[in-house]
Amino acid sequence: MRIINELRYDKQAIGLEGVPNARQLGSYISRDGRRIKHGVLIRCGVLNKATDSDLKLLKEKYHVNYVFDLRTAYEVNRWPDRIIEDATYVNMPIQDDNNNFWQLILEAPGNTAEEKLINFAMNPKANPMMKQLYVSMVSDEYCQLQYAALLDRILRSEGTMLWHCTQGKDRTGLATAFLLAALGFDRKTIVDDFALTNVPYQPNIDRLSLKLKLRGANQDAFEAIQAEEGVSIKNFEAALDYIDQNYGSMENYIKEIFVLTDDELDTLKDKFLE
């Protein structure tokens, strides 16, 4: 029997006021017909503007036990998370502070974050860099080691897991893709979950695209702003293709790069599927 997951942002969103792109993976059906337990796996953006009611919800409804912060030390220090009471915090930066991608954005001209994004998108280097972002992350040894460590911590920890970066889309999106693959989900579900990020960010994408249009930007700039403010499914699928071409399958990649055994994958499934 073929499993078809109809993913909708409104069904997965957990209703946080100050945390962007916050949703849980509960109800997704794996290839063996089991579902992810409701509210035990949560992906989102940065918690620095979480409201008191957000923190209360995460503690009292979702009982978050672990928060895995995938941001760099620079981001953590500049925009520290608000703390969920009784949760264990672990900083696991997927990329380091010297990554060229982040430097290009930070060094873009402009007095506001929006001006920097517009100028970044119009930089001829931006779109080629965005096109390679996910491929570089799945092929970079440092990123691989960090994702391996994240999955190992999730495997060996108990309770509700929450992981996030800044917007909860690129680093968080890849972490989610790896976790879903480890739990036995097909490529379509993995891609569809990744694509849900564009729902909450679409108004910003449209607004910034209009500003680019008024400045006479080319197609590369529009693609760059889509990938920076939302996600590019084409770029993400290029990374999945890279994995298939170089490792045969996502399952092989997870076993070889993250050193997860069949027994450990079964333990992961038994922990989060029902």
# chains A, B, ... in the order shown; residues from 1 in each chain; ligands from 1

$ select_by_dssp --residues "stretch 78-186 of chain A" --states "strand (DSSP E or B)" --output "number ranges by chain"
A: 88-91, 160-164

$ write_last_selection --atoms "N, CA, C and O atoms" --output "short mmCIF file (atom, residue, chain, number, x, y, z; two decimals), in the first residue's frame"
data_model
loop_
_atom_site.label_atom_id
_atom_site.label_comp_id
_atom_site.auth_asym_id
_atom_site.auth_seq_id
_atom_site.Cartn_x
_atom_site.Cartn_y
_atom_site.Cartn_z
N THR A 88 16.40 21.10 28.71
CA THR A 88 17.85 21.08 28.56
C THR A 88 18.22 21.71 27.23
O THR A 88 17.68 21.33 26.19
N TYR A 89 19.12 22.70 27.26
CA TYR A 89 19.53 23.41 26.05
C TYR A 89 20.88 22.89 25.58
O TYR A 89 21.81 22.75 26.36
N VAL A 90 20.96 22.65 24.27
CA VAL A 90 22.21 22.18 23.68
C VAL A 90 22.46 23.01 22.41
O VAL A 90 21.63 23.03 21.50
N ASN A 91 23.60 23.70 22.35
CA ASN A 91 23.97 24.44 21.14
C ASN A 91 24.79 23.52 20.25
O ASN A 91 25.84 23.03 20.64
N THR A 160 10.10 15.15 24.62
CA THR A 160 9.83 15.98 23.45
C THR A 160 11.07 16.73 23.01
O THR A 160 11.76 17.35 23.83
N MET A 161 11.36 16.66 21.72
CA MET A 161 12.55 17.31 21.14
C MET A 161 12.14 18.52 20.32
O MET A 161 11.21 18.44 19.52
N LEU A 162 12.83 19.63 20.50
CA LEU A 162 12.63 20.84 19.70
C LEU A 162 13.98 21.24 19.13
O LEU A 162 14.98 21.28 19.87
N TRP A 163 14.04 21.50 17.83
CA TRP A 163 15.28 21.98 17.23
C TRP A 163 14.97 23.21 16.38
O TRP A 163 13.90 23.34 15.80
N HIS A 164 15.94 24.13 16.34
CA HIS A 164 15.68 25.37 15.62
C HIS A 164 16.99 26.03 15.19
O HIS A 164 18.06 25.73 15.72
#

$ select_by_dssp --residues "stretch 189-249 of chain A" --states "alpha helix (DSSP H)" --output "VMD selection string"
chain A and resid 189 to 195 198 to 214 219 to 229 233 to 247

$ closest_residue --among "A:Arg207, A:Arg35, A:Lys11, A:Arg187" --to "A:Ile243" --atoms "only C-alpha atoms"
A:Arg187

$ closest_atom_pairs --of "stretch 95-187 of chain A" --to "stretch 194-206 of chain A" --cutoff "12 Å" --atoms "only C-alpha atoms" --output "CSV"
residue,atom,partner,partner_atom,distance
A:Glu114,CA,A:Asn204,CA,10.0
A:Leu117,CA,A:Ile205,CA,10.9
A:Ile118,CA,A:Ile205,CA,11.0
A:Ala121,CA,A:Ile205,CA,11.8
A:Gln167,CA,A:Thr197,CA,9.1
A:Gly168,CA,A:Thr197,CA,8.0
A:Lys169,CA,A:Thr197,CA,6.3
A:Asp170,CA,A:Phe194,CA,8.8
A:Arg171,CA,A:Phe194,CA,10.9
A:Thr172,CA,A:Phe194,CA,9.4
A:Gly173,CA,A:Phe194,CA,5.8
A:Leu174,CA,A:Phe194,CA,8.1
A:Ala175,CA,A:Phe194,CA,10.3
A:Thr176,CA,A:Phe194,CA,8.0
A:Ala177,CA,A:Phe194,CA,7.4
A:Phe178,CA,A:Phe194,CA,11.2
A:Leu180,CA,A:Phe194,CA,10.7
A:Arg187,CA,A:Phe194,CA,10.6

$ write_last_selection --atoms "N, CA and C atoms" --output "tab-separated table (two decimals), in the first residue's frame"
chain	number	residue	atom	x	y	z
A	114	GLU	N	16.27	44.54	6.22
A	114	GLU	CA	15.61	44.46	4.91
A	114	GLU	C	16.51	44.99	3.80
A	117	LEU	N	19.08	42.42	2.99
A	117	LEU	CA	18.54	41.31	2.22
A	117	LEU	C	18.40	41.68	0.74
A	118	ILE	N	17.88	42.88	0.48
A	118	ILE	CA	17.71	43.34	-0.90
A	118	ILE	C	19.06	43.43	-1.60
A	121	ALA	N	20.52	40.00	-2.26
A	121	ALA	CA	19.89	39.32	-3.39
A	121	ALA	C	20.39	39.84	-4.72
A	167	GLN	N	15.49	31.11	11.22
A	167	GLN	CA	14.16	31.12	10.62
A	167	GLN	C	13.50	29.75	10.63
A	168	GLY	N	14.23	28.74	11.08
A	168	GLY	CA	13.66	27.40	11.14
A	168	GLY	C	13.44	26.81	9.76
A	169	LYS	N	14.38	27.09	8.82
A	169	LYS	CA	14.10	26.64	7.45
A	169	LYS	C	15.26	25.87	6.82
A	170	ASP	N	16.48	26.41	6.81
A	170	ASP	CA	17.59	25.76	6.11
A	170	ASP	C	18.27	24.70	6.99
A	171	ARG	N	18.96	25.14	8.02
A	171	ARG	CA	19.62	24.19	8.92
A	171	ARG	C	18.60	23.30	9.61
A	172	THR	N	17.50	23.91	10.06
A	172	THR	CA	16.42	23.15	10.69
A	172	THR	C	15.74	22.24	9.68
A	173	GLY	N	15.56	22.74	8.46
A	173	GLY	CA	14.91	21.94	7.42
A	173	GLY	C	15.70	20.69	7.07
A	174	LEU	N	17.02	20.84	6.96
A	174	LEU	CA	17.84	19.67	6.67
A	174	LEU	C	17.85	18.69	7.85
A	175	ALA	N	17.90	19.22	9.06
A	175	ALA	CA	17.84	18.34	10.24
A	175	ALA	C	16.55	17.53	10.21
A	176	THR	N	15.45	18.19	9.87
A	176	THR	CA	14.16	17.52	9.80
A	176	THR	C	14.14	16.47	8.70
A	177	ALA	N	14.73	16.81	7.56
A	177	ALA	CA	14.79	15.86	6.44
A	177	ALA	C	15.55	14.61	6.84
A	178	PHE	N	16.67	14.78	7.51
A	178	PHE	CA	17.46	13.62	7.95
A	178	PHE	C	16.69	12.78	8.97
A	180	LEU	N	13.37	12.61	9.36
A	180	LEU	CA	12.27	11.93	8.68
A	180	LEU	C	12.76	10.73	7.89
A	187	ARG	N	10.62	10.30	0.01
A	187	ARG	CA	11.14	11.59	-0.46
A	187	ARG	C	10.03	12.64	-0.57

$ closest_residue --among "A:Ile154, A:Ile190, A:Thr112, A:Gly230" --to "A:Thr267" --atoms "only C-alpha atoms"
A:Ile154

$ closest_residue --among "A:Ala217, A:Leu273, A:Ile83, A:Met92" --to "A:Gly33" --atoms "only C-alpha atoms"
A:Leu273

$ closest_atom_pairs --of "stretch 2-31 of chain A" --to "stretch 39-48 of chain A" --cutoff "7 Å" --atoms "only C-alpha atoms" --output "tab-separated table"
residue	atom	partner	partner_atom	distance
A:Val19	CA	A:Leu47	CA	5.7
A:Pro20	CA	A:Gly45	CA	5.0
A:Asn21	CA	A:Cys44	CA	5.1
A:Ala22	CA	A:Cys44	CA	4.0
A:Arg23	CA	A:Arg43	CA	5.7
A:Gln24	CA	A:Ile42	CA	4.3
A:Leu25	CA	A:Leu41	CA	5.7
A:Gly26	CA	A:Gly39	CA	5.8

$ closest_residue --among "A:Val76, A:Arg2, A:Ile254, A:Asn127" --to "A:Asp32" --atoms "only C-alpha atoms"
A:Arg2
